[in-house]
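File shown: final.txt. Contents: compact mmCIF, C-alpha atoms.
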```txt
# COMPACT_ATOMS: atom_id res chain seq x y z
CA MET A 185 13.81 118.59 86.25
CA ARG A 186 10.96 116.47 87.55
CA LYS A 187 9.28 116.58 84.14
CA LEU A 188 12.49 115.70 82.34
CA LYS A 189 13.00 112.70 84.66
CA SER A 190 9.43 111.66 84.00
CA ILE A 191 9.88 111.89 80.21
CA LEU A 192 13.12 109.89 80.41
CA GLY A 193 11.42 107.29 82.57
CA TYR A 194 8.53 106.83 80.15
CA THR A 195 10.91 106.77 77.20
CA TRP A 196 12.96 103.94 78.71
CA ALA A 197 9.80 102.09 79.72
CA VAL A 198 8.48 102.20 76.14
CA ALA A 199 11.96 101.39 74.85
CA ALA A 200 11.91 98.21 76.99
CA LEU A 201 9.41 96.72 74.56
CA ILE A 202 11.64 97.64 71.61
CA ILE A 203 14.69 96.29 73.47
CA VAL A 204 12.97 92.92 73.92
CA LEU A 205 12.03 92.74 70.23
CA ALA A 206 15.53 93.83 69.18
CA THR A 207 17.13 91.33 71.57
CA PHE A 208 15.51 88.42 69.78
CA PHE A 209 15.26 89.64 66.20
CA GLY A 210 18.75 91.13 66.29
CA ASN A 211 20.35 88.42 68.42
CA ASP A 212 22.58 87.20 65.63
CA TYR A 213 23.76 90.73 64.79
CA PHE A 214 24.27 91.72 68.43
CA SER A 215 26.14 88.54 69.32
CA ARG A 216 28.48 89.02 66.33
CA ALA A 217 29.00 92.68 67.25
CA LEU A 218 29.68 91.72 70.85
CA ALA A 219 32.16 89.03 69.84
CA SER A 220 34.05 91.29 67.42
CA ALA A 221 34.03 94.30 69.79
CA THR A 222 35.46 92.34 72.70
CA GLY A 223 37.69 89.98 70.71
CA ILE A 224 36.85 87.31 73.26
CA THR A 225 37.57 83.67 72.45
CA VAL A 226 36.75 80.40 74.20
CA SER A 227 39.40 79.50 76.77
CA PRO A 228 41.99 77.06 75.36
CA TRP A 229 41.19 74.80 78.34
CA TYR A 230 37.94 74.11 76.46
CA SER A 231 38.81 74.77 72.82
CA GLY A 232 42.21 73.04 72.98
CA GLY A 233 44.03 76.18 71.79
CA ASP A 234 45.16 77.22 68.32
CA ILE A 235 46.17 74.56 65.80
CA VAL A 236 49.87 74.92 65.02
CA LYS A 237 50.48 71.98 62.70
CA VAL A 238 48.34 69.87 60.36
CA ILE A 239 49.62 66.57 58.99
CA ASP A 240 47.77 65.29 55.93
CA HIS A 241 47.53 61.49 55.75
CA GLY A 242 45.31 61.51 52.66
CA ALA A 243 42.15 59.93 54.03
CA TYR A 244 42.36 61.91 57.26
CA LYS A 245 44.28 64.77 58.87
CA THR A 246 46.06 65.12 62.20
CA SER A 247 45.86 68.57 63.81
CA ILE A 248 48.28 69.41 66.61
CA HIS A 249 47.22 72.26 68.89
CA ARG A 250 49.59 74.50 70.80
CA PRO A 251 50.46 73.32 74.32
CA VAL A 252 48.07 74.88 76.84
CA PHE A 253 49.48 76.13 80.14
CA ASP A 254 47.28 79.26 80.31
CA SER A 255 46.28 80.55 83.73
CA LEU A 256 44.76 83.78 85.02
CA ILE A 257 48.20 85.32 85.44
CA GLY A 258 51.29 83.64 83.98
CA GLN A 259 51.28 79.91 83.24
CA THR A 260 50.45 76.72 85.10
CA LYS A 261 53.02 74.02 85.82
CA LYS A 262 50.88 71.34 84.22
CA GLY A 263 48.99 71.58 80.97
CA PHE A 264 48.15 69.55 77.89
CA VAL A 265 48.45 69.35 74.17
CA GLN A 266 45.41 68.38 72.11
CA ILE A 267 45.60 66.25 69.00
CA ASN A 268 42.61 66.06 66.64
CA TRP A 269 41.95 63.54 63.89
CA ASN A 270 39.30 64.11 61.23
CA PRO A 271 37.19 63.51 59.21
CA ALA A 272 35.59 60.58 61.03
CA ALA A 273 34.79 58.80 57.76
CA GLY A 274 38.46 58.59 56.78
CA LEU A 275 39.84 57.35 60.12
CA PRO A 276 41.29 53.84 60.44
CA SER A 277 40.00 51.57 63.23
CA VAL A 278 43.22 52.15 65.19
CA ILE A 279 45.34 55.27 64.83
CA LYS A 280 48.97 55.04 65.88
CA GLU A 281 50.95 58.20 65.43
CA GLY A 282 54.19 59.76 66.65
CA ILE A 283 53.77 63.42 67.61
CA ASP A 284 56.34 66.20 67.79
CA TYR A 285 54.25 68.73 69.71
CA ASN A 286 57.00 71.30 70.31
CA SER A 287 58.28 71.27 66.70
CA ASP A 288 61.91 70.54 67.71
CA GLY A 289 62.23 67.84 65.07
CA LYS A 290 62.10 65.00 67.64
CA GLU A 291 59.14 62.74 68.30
CA ASP A 292 57.82 63.44 71.83
CA PHE A 293 55.29 60.64 72.19
CA VAL A 294 53.43 57.98 70.30
CA VAL A 295 49.69 57.85 70.85
CA THR A 296 47.28 55.12 69.79
CA LEU A 297 43.53 55.59 69.60
CA ASN A 298 40.86 53.00 68.96
CA THR A 299 38.31 54.95 66.93
CA ALA A 300 35.54 52.52 67.80
CA THR A 301 35.90 52.58 71.59
CA GLY A 302 37.99 55.69 72.28
CA GLU A 303 40.61 53.66 74.16
CA THR A 304 44.06 55.22 74.12
CA THR A 305 47.64 54.32 74.94
CA LEU A 306 50.72 56.50 75.19
CA SER A 307 54.40 55.81 74.77
CA LYS A 308 56.50 58.83 75.73
CA THR A 309 60.03 59.82 74.85
CA ASN A 310 60.02 63.40 76.11
CA PRO A 311 60.18 63.70 79.95
CA ALA A 312 57.84 66.71 79.77
CA VAL A 313 55.09 64.34 78.65
CA LEU A 314 53.22 63.11 81.73
CA ASP A 315 50.29 60.93 80.78
CA ILE A 316 47.42 60.45 78.41
CA GLY A 317 44.31 62.49 79.21
CA LYS A 318 40.79 61.90 77.98
CA SER A 319 39.78 61.02 74.45
CA TYR A 320 36.83 62.92 73.00
CA ARG A 321 34.52 61.91 70.16
CA LEU A 322 33.98 65.05 68.09
CA ARG A 323 31.24 65.81 65.59
CA ASN A 324 33.55 64.80 62.76
CA GLY A 325 36.47 62.94 64.30
CA TRP A 326 38.33 62.30 67.52
CA ALA A 327 40.53 64.32 69.89
CA VAL A 328 42.98 63.24 72.56
CA ARG A 329 44.63 65.36 75.22
CA VAL A 330 48.12 64.47 76.40
CA LEU A 331 49.13 65.91 79.74
CA LEU A 332 52.37 67.89 79.90
CA ARG A 333 54.69 69.44 82.44
CA ARG A 334 55.90 72.93 81.58
CA LYS A 335 59.62 73.21 81.06
CA THR A 336 61.08 76.01 83.18
CA MET B 220 32.12 83.93 87.05
CA THR B 221 33.34 84.56 83.53
CA ILE B 222 34.01 88.25 84.10
CA ILE B 223 37.42 88.18 85.82
CA PRO B 224 38.90 85.51 83.52
CA ALA B 225 37.45 87.33 80.48
CA ALA B 226 38.94 90.64 81.62
CA LEU B 227 42.37 89.21 82.35
CA THR B 228 42.75 86.50 79.71
CA LYS B 229 40.31 87.67 77.00
CA THR B 230 38.87 84.17 77.01
CA ILE B 231 35.57 82.76 78.18
CA ILE B 232 35.79 79.78 80.51
CA PHE B 233 32.81 77.86 79.25
CA PRO B 234 32.48 74.78 77.04
CA GLY B 235 30.70 76.31 74.07
CA THR B 236 31.21 78.46 71.02
CA ILE B 237 31.43 82.23 70.84
CA ILE B 238 29.00 82.47 67.90
CA GLY B 239 26.65 79.86 66.48
CA GLY B 240 26.72 76.13 67.10
CA PHE B 241 26.19 74.64 70.54
CA ALA B 242 25.80 77.00 73.56
CA SER B 243 26.66 80.22 71.74
CA ILE B 244 28.16 82.38 74.47
CA ALA B 245 27.85 85.74 72.66
CA SER B 246 24.18 84.98 71.99
CA MET B 247 23.57 84.26 75.68
CA PHE B 248 25.32 87.51 76.65
CA ALA B 249 23.21 89.48 74.13
CA LEU B 250 20.05 87.94 75.64
CA TRP B 251 21.24 88.75 79.15
CA ILE B 252 22.00 92.39 78.26
CA GLY B 253 18.56 92.76 76.63
CA ALA B 254 16.83 91.16 79.62
CA SER B 255 18.73 93.32 82.10
CA LEU B 256 17.97 96.54 80.25
CA ALA B 257 14.31 95.70 79.76
CA LEU B 258 13.42 93.87 82.98
CA GLY B 259 16.30 93.99 85.46
CA ARG B 260 15.82 91.11 87.90
CA GLY B 261 12.36 90.72 86.41
CA PHE B 262 14.16 88.15 84.24
CA CYS B 263 14.16 85.75 87.20
CA SER B 264 10.39 85.71 87.64
CA TRP B 265 9.17 86.21 84.08
CA VAL B 266 11.74 84.34 82.00
CA CYS B 267 14.01 81.99 83.96
CA PHE B 268 12.97 78.41 83.21
CA PHE B 269 14.94 77.11 86.18
CA GLY B 270 13.10 79.49 88.48
CA GLY B 271 9.91 78.01 87.06
CA LEU B 272 10.74 74.69 88.71
CA ASP B 273 11.30 76.45 92.01
CA GLU B 274 7.99 78.25 91.56
CA GLY B 275 6.16 75.04 90.71
CA PHE B 276 7.32 73.22 93.85
CA SER B 277 6.48 76.26 96.00
CA ARG B 278 2.83 75.83 95.01
CA ILE B 279 2.42 72.23 96.16
CA PHE B 280 1.00 73.03 99.60
CA LYS B 281 -1.63 75.61 100.32
CA LYS B 282 0.10 76.91 103.44
CA ALA B 283 3.74 77.29 104.34
CA ARG B 284 5.02 74.64 106.78
CA ILE B 285 8.13 76.70 107.61
CA LYS B 286 7.33 80.35 108.17
CA ASN B 287 10.24 81.91 109.98
CA ILE B 288 13.46 82.10 108.02
CA ASN B 289 16.27 84.30 109.25
CA LEU B 290 16.68 87.10 106.70
CA LYS B 291 20.44 86.88 107.11
CA PHE B 292 20.26 83.83 104.82
CA THR B 293 19.25 86.13 101.96
CA TYR B 294 22.87 87.29 101.81
CA LEU B 295 23.93 83.74 100.95
CA PRO B 296 23.61 84.19 97.15
CA TYR B 297 26.09 87.07 97.31
CA ALA B 298 28.49 84.85 99.25
CA VAL B 299 28.01 82.06 96.70
CA LEU B 300 28.58 84.59 93.91
CA LEU B 301 31.82 85.81 95.49
CA VAL B 302 33.13 82.30 96.11
CA VAL B 303 32.19 81.15 92.60
CA VAL B 304 33.79 84.17 90.94
CA LEU B 305 37.04 83.82 92.88
CA ALA B 306 37.19 80.04 92.48
CA ALA B 307 36.45 80.31 88.75
CA ALA B 308 39.18 82.91 88.35
CA MET B 309 41.69 80.78 90.25
CA THR B 310 40.93 77.51 88.48
CA LEU B 311 39.86 78.91 85.09
CA SER B 312 36.86 76.65 85.12
CA PRO B 313 33.09 77.27 85.39
CA VAL B 314 32.96 76.24 89.06
CA TYR B 315 29.22 76.77 89.50
CA CYS B 316 28.34 74.67 86.44
CA GLU B 317 30.82 71.97 87.35
CA TRP B 318 30.10 71.66 91.06
CA LEU B 319 27.05 73.55 92.32
CA CYS B 320 24.28 73.92 89.76
CA PRO B 321 21.21 72.06 91.10
CA PHE B 322 19.59 72.23 87.66
CA LYS B 323 22.17 69.84 86.23
CA THR B 324 19.81 67.27 87.75
CA VAL B 325 17.25 68.06 85.07
CA THR B 326 19.47 69.15 82.18
CA GLU B 327 22.84 67.46 81.74
CA PHE B 328 23.20 64.19 83.58
CA ALA B 329 26.77 63.02 82.98
CA GLU B 330 27.48 59.30 82.88
CA ILE B 331 29.19 58.35 86.15
CA THR B 332 32.63 57.14 85.09
CA SER B 333 34.76 58.50 87.93
CA VAL B 334 34.64 59.39 91.63
CA LYS B 335 34.70 63.08 90.66
CA ILE B 336 31.55 62.76 88.52
CA LEU B 337 29.90 60.73 91.30
CA ILE B 338 30.60 63.49 93.86
CA GLN B 339 29.39 66.16 91.41
CA THR B 340 26.19 64.22 90.76
CA ILE B 341 25.53 63.76 94.49
CA ILE B 342 25.98 67.52 95.01
CA PHE B 343 23.69 68.42 92.06
CA VAL B 344 20.93 66.05 93.12
CA SER B 345 21.16 66.96 96.83
CA LEU B 346 20.97 70.69 96.10
CA PHE B 347 18.07 70.12 93.72
CA ILE B 348 16.11 68.06 96.24
CA VAL B 349 16.72 70.49 99.11
CA LEU B 350 16.62 73.88 97.38
CA VAL B 351 14.29 73.32 94.45
CA MET B 352 11.90 70.66 95.76
CA VAL B 353 11.68 70.39 99.56
CA LEU B 354 12.33 73.93 100.83
CA PRO B 355 10.11 75.69 98.25
CA ALA B 356 7.30 73.25 99.07
CA LEU B 357 7.68 73.83 102.82
CA THR B 358 8.24 77.59 102.76
CA LYS B 359 6.19 78.54 99.67
CA ARG B 360 9.19 80.64 98.63
CA ARG B 361 11.66 80.33 95.78
CA THR B 362 14.50 79.19 98.01
CA GLN B 363 16.98 78.33 95.24
CA CYS B 364 16.47 81.79 93.72
CA SER B 365 16.59 83.71 96.99
CA LEU B 366 19.03 81.72 99.11
CA PHE B 367 21.54 80.25 96.65
CA CYS B 368 21.47 81.37 93.02
CA PRO B 369 24.57 83.50 92.28
CA PHE B 370 23.12 84.60 88.94
CA GLY B 371 20.06 85.90 90.78
CA ALA B 372 22.37 87.82 93.14
CA PHE B 373 24.16 89.35 90.17
CA GLN B 374 20.86 90.05 88.45
CA SER B 375 19.72 91.97 91.56
CA LEU B 376 22.41 94.52 90.77
CA THR B 377 20.79 95.15 87.37
CA ASN B 378 17.67 96.35 89.22
CA LYS B 379 19.70 99.44 90.00
CA ILE B 380 19.97 100.37 86.31
CA ASN B 381 16.55 99.11 85.23
CA VAL B 382 13.70 101.60 84.97
CA PHE B 383 10.96 99.47 86.54
CA ASP B 384 10.51 98.90 90.25
CA VAL B 385 7.78 97.99 92.73
CA ARG B 386 6.83 100.72 95.18
CA VAL B 387 4.76 100.85 98.35
CA ASP B 388 2.49 103.66 99.40
CA PRO B 389 3.02 103.68 103.20
CA ASP B 390 -0.08 105.84 103.67
CA ARG B 391 -2.31 103.17 102.16
CA CYS B 392 -0.53 100.28 103.89
CA ILE B 393 -2.49 98.80 106.79
CA LYS B 394 0.48 96.63 107.84
CA CYS B 395 -1.36 93.35 107.28
CA LYS B 396 1.99 91.87 106.14
CA LYS B 397 0.34 89.84 103.37
CA CYS B 398 2.95 91.16 100.94
CA ILE B 399 5.76 90.06 103.26
CA SER B 400 4.44 86.51 103.52
CA THR B 401 3.69 86.34 99.79
CA CYS B 402 7.05 87.54 98.43
CA PRO B 403 8.90 84.51 96.99
CA THR B 404 12.34 86.08 97.45
CA PHE B 405 12.14 87.74 100.89
CA SER B 406 12.44 91.10 99.11
CA ILE B 407 9.87 92.96 101.15
CA ASN B 408 9.81 93.50 104.90
CA GLU B 409 8.69 96.14 107.39
CA GLU B 410 11.87 98.09 106.85
CA THR B 411 11.49 98.28 103.07
CA ILE B 412 7.78 99.09 103.40
CA ALA B 413 8.69 102.06 105.60
CA ARG B 414 11.05 103.22 102.84
CA GLY B 415 8.23 102.87 100.30
CA LYS B 416 9.95 100.31 98.11
CA THR B 417 10.92 96.66 97.81
CA GLY B 418 14.43 95.32 98.35
CA MET B 419 17.12 95.15 95.70
CA THR B 420 16.44 91.44 95.18
CA CYS B 421 12.85 92.09 94.03
CA MET B 422 12.15 90.15 90.85
CA LYS B 423 9.00 92.10 90.01
CA CYS B 424 6.77 89.04 89.90
CA GLY B 425 3.84 91.14 91.12
CA LYS B 426 2.65 88.63 93.75
CA CYS B 427 2.75 91.28 96.48
CA ILE B 428 0.75 93.65 94.25
CA ASP B 429 -1.92 91.00 93.76
CA ALA B 430 -1.95 90.14 97.47
CA CYS B 431 -2.44 93.72 98.68
CA THR B 432 -6.10 94.44 99.31
CA GLN B 433 -5.42 98.14 99.80
CA LYS B 434 -3.64 98.59 96.46
CA ALA B 435 -0.71 100.00 98.40
CA LEU B 436 1.81 98.25 96.14
CA PHE B 437 2.22 99.03 92.48
CA TYR B 438 4.60 98.76 89.55
CA HIS B 439 6.42 102.04 89.02
CA ILE B 440 8.63 103.67 86.41
CA LYS B 441 11.63 105.41 87.94
CA GLY B 442 11.49 109.18 87.52
CA THR B 443 7.71 109.33 87.21
CA PRO B 444 5.42 110.61 89.97
CA LEU B 445 4.44 108.22 92.76
CA THR B 446 0.99 109.74 92.96
CA GLY B 447 -1.54 110.61 90.28
CA GLY B 448 -3.17 107.28 89.51
CA ARG B 449 -1.12 106.24 86.47
CA PHE B 450 -0.37 102.86 88.05
CA GLU B 451 -2.21 100.98 85.34
CA ILE B 452 0.02 102.55 82.68
CA TYR B 453 3.13 101.67 84.70
CA ARG B 454 1.89 98.12 85.09
CA ARG B 455 1.19 97.66 81.41
CA LEU B 456 4.48 99.20 80.35
CA PHE B 457 6.28 96.60 82.48
CA LEU B 458 4.06 93.61 81.75
CA TYR B 459 4.12 93.91 77.95
CA PRO B 460 7.91 93.53 77.59
CA ALA B 461 7.92 90.91 80.37
CA PHE B 462 5.26 88.80 78.62
CA LEU B 463 6.93 89.31 75.26
CA PHE B 464 10.28 88.10 76.61
CA LEU B 465 8.57 85.14 78.29
CA ALA B 466 6.63 84.18 75.18
CA THR B 467 9.59 84.46 72.81
CA MET B 468 11.96 82.64 75.12
CA SER B 469 9.61 79.85 76.12
CA GLY B 470 7.87 79.42 72.74
CA GLY B 471 10.58 77.05 71.50
CA PHE B 472 10.61 75.09 74.77
CA VAL B 473 6.85 74.62 74.73
CA GLN B 474 6.99 73.42 71.13
CA ASP B 475 9.84 71.05 71.98
CA ALA B 476 8.01 69.75 75.07
CA LEU B 477 4.87 69.05 73.02
CA VAL B 478 6.84 67.16 70.37
CA LYS B 479 8.66 65.10 73.04
CA THR B 480 5.41 64.33 74.86
CA ILE B 481 3.77 63.11 71.64
CA LYS B 482 6.89 61.03 70.90
CA LEU B 483 6.78 59.54 74.41
CA ILE B 484 3.13 58.57 74.02
CA ALA B 485 3.57 57.22 70.48
CA THR B 486 6.91 55.42 70.80
CA GLY B 487 7.57 55.06 74.53
CA SER B 488 10.71 57.18 74.25
CA MET B 489 11.33 60.93 74.21
CA ILE B 490 14.47 60.63 72.09
```

Could you render the structure from this file as structure tokens?
Amino acid sequence: MRKLKSILGYTWAVAALIIVLATFFGNDYFSRALASATGITVSPWYSGGDIVKVIDHGAYKTSIHRPVFDSLIGQTKKGFVQINWNPAAGLPSVIKEGIDYNSDGKEDFVVTLNTATGETTLSKTNPAVLDIGKSYRLRNGWAVRVLLRRKT
Amino acid sequence: MTIIPAALTKTIIFPGTIIGGFASIASMFALWIGASLALGRGFCSWVCFFGGLDEGFSRIFKKARIKNINLKFTYLPYAVLLVVVLAAAMTLSPVYCEWLCPFKTVTEFAEITSVKILIQTIIFVSLFIVLVMVLPALTKRRTQCSLFCPFGAFQSLTNKINVFDVRVDPDRCIKCKKCISTCPTFSINEETIARGKTGMTCMKCGKCIDACTQKALFYHIKGTPLTGGRFEIYRRLFLYPAFLFLATMSGGFVQDALVKTIKLIATGSMI
């Protein structure tokens, strides 16, 4: 038993060198395997959630994400909906757009975004819409988050 | 802090990407698994670039100005870990990164545009000054690593599954306590010496081994005999992967630092 333990110990110790080499050389493979095995995604509080609707304006596109109310268990009372505009090259200096985030056929709010400064304004028609959140300059466009109250 | 939310929501609460692009989370996890399997908490002493700052400041003075620190404080990282994990699970946000990480002071300085960012910045800078600059200089210990870092606390648990450890031969020990005063993470004391090993928080830096004049401390491979004079083999089998990890991880940083330094000298700006 003592000898077996000793052999296993030495084996792992030598394997440590191989593990280090494999960790770096195989990092891409291992990270992909890890991601596909766990099925983990970035929290919608950071990614904005899945895109549910894309409106093509020709020079640029508007992407409407799903409303995010995700919490550890159940849903939060307050959340947001993220709107993306891209590509940056096709955006006008001021975007003004009416958004129907819950796909009920009625416009819920009108958002304006100055694509030079990131300044935003919001005009709401749906009482579930609370306020305008932050605007974010993306690698190839802009995003705005509009704060929402969850309908019970 | 990502574990509970990941288990319950199948999402990672971190501003990054799962694969590729900026802050690839899966890549960081793969690195962490490799480091834990190969080195255990040895990652903290041989690889962690943040710990390097702690280490650097701990070498400013020749002698420690503060010598007696209550060992109860070494449980603090576990408390921080517990609080961070629970708070992150409740708020679905990376609480440590957003509120407590002292190293934000030297990595991601956010523009102060709100009271919240101002408070966060004050916390980051205060923790950095106290834990990474002042206390390491005065105690000659890695105080951020041993008294605060929740990742270090979590990494200590990986020492349990890692094959390398540092052992003490109580028969050779003359109780000079040099190892105790040298250990940067308070991982060795009279109690652990009597048990013939270092504490769970040991990051295998080897300072105690170097400090011991009696060669009573040595790197060891779990399962192998504690006697028989194969200590040099044990040492090499640990140091090779440790150096390899260090060199591969830091190679890019060194290159980047050199380029930025040359840019600073040539143009007056690092950017």

Set out as a Markdown table a contact list for chain B and chain A with a cut-off of 6 Å, giving each residue of chain B that qualifies its closest atom pair and distance in Å to one decimal, counting all atoms listed in the file, ordered by chain and rising residue number.
```
| residue | atom | partner | partner_atom | distance |
| --- | --- | --- | --- | --- |
| B:Lys229 | CA | A:Ile224 | CA | 5.1 |
| B:Thr230 | CA | A:Ser227 | CA | 4.7 |
| B:Ile231 | CA | A:Val226 | CA | 4.8 |
| B:Ile232 | CA | A:Ser227 | CA | 5.2 |
| B:Pro234 | CA | A:Tyr230 | CA | 5.5 |
| B:Ala245 | CA | A:Ser215 | CA | 4.7 |
| B:Ser246 | CA | A:Ser215 | CA | 4.9 |
| B:Ala249 | CA | A:Ser215 | CA | 5.7 |
| B:Gly253 | CA | A:Thr207 | CA | 5.4 |
| B:Ala257 | CA | A:Ala200 | CA | 4.4 |
| B:Ile440 | CA | A:Gly193 | CA | 6.0 |
| B:Lys441 | CA | A:Gly193 | CA | 5.7 |
| B:Gly442 | CA | A:Ser190 | CA | 4.8 |
| B:Thr443 | CA | A:Ser190 | CA | 4.3 |
| B:Pro460 | CA | A:Leu201 | CA | 4.6 |
```

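Between atom CA of Cys267 of chain B and atom CA of Tyr297 of chain B lies a distance of 18.7 Å.
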
- Do you have the atom CA of Ser469 of chain B-atom CA of Glu330 of chain B distance handy?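 So the answer is 28.1 Å.
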
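Put simply, atom CA of Met419 of chain B is 10.4 Å away from atom CA of Thr404 of chain B.
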
- Using only C-alpha atoms, pick whichever of A:Tyr285, A:Ile316, A:Lys261, A:Glu291 has the shortest atom-to-atom distance to Val328 of chain A.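 Ranked by minimum distance to Val328 of chain A, first place goes to A:Ile316.
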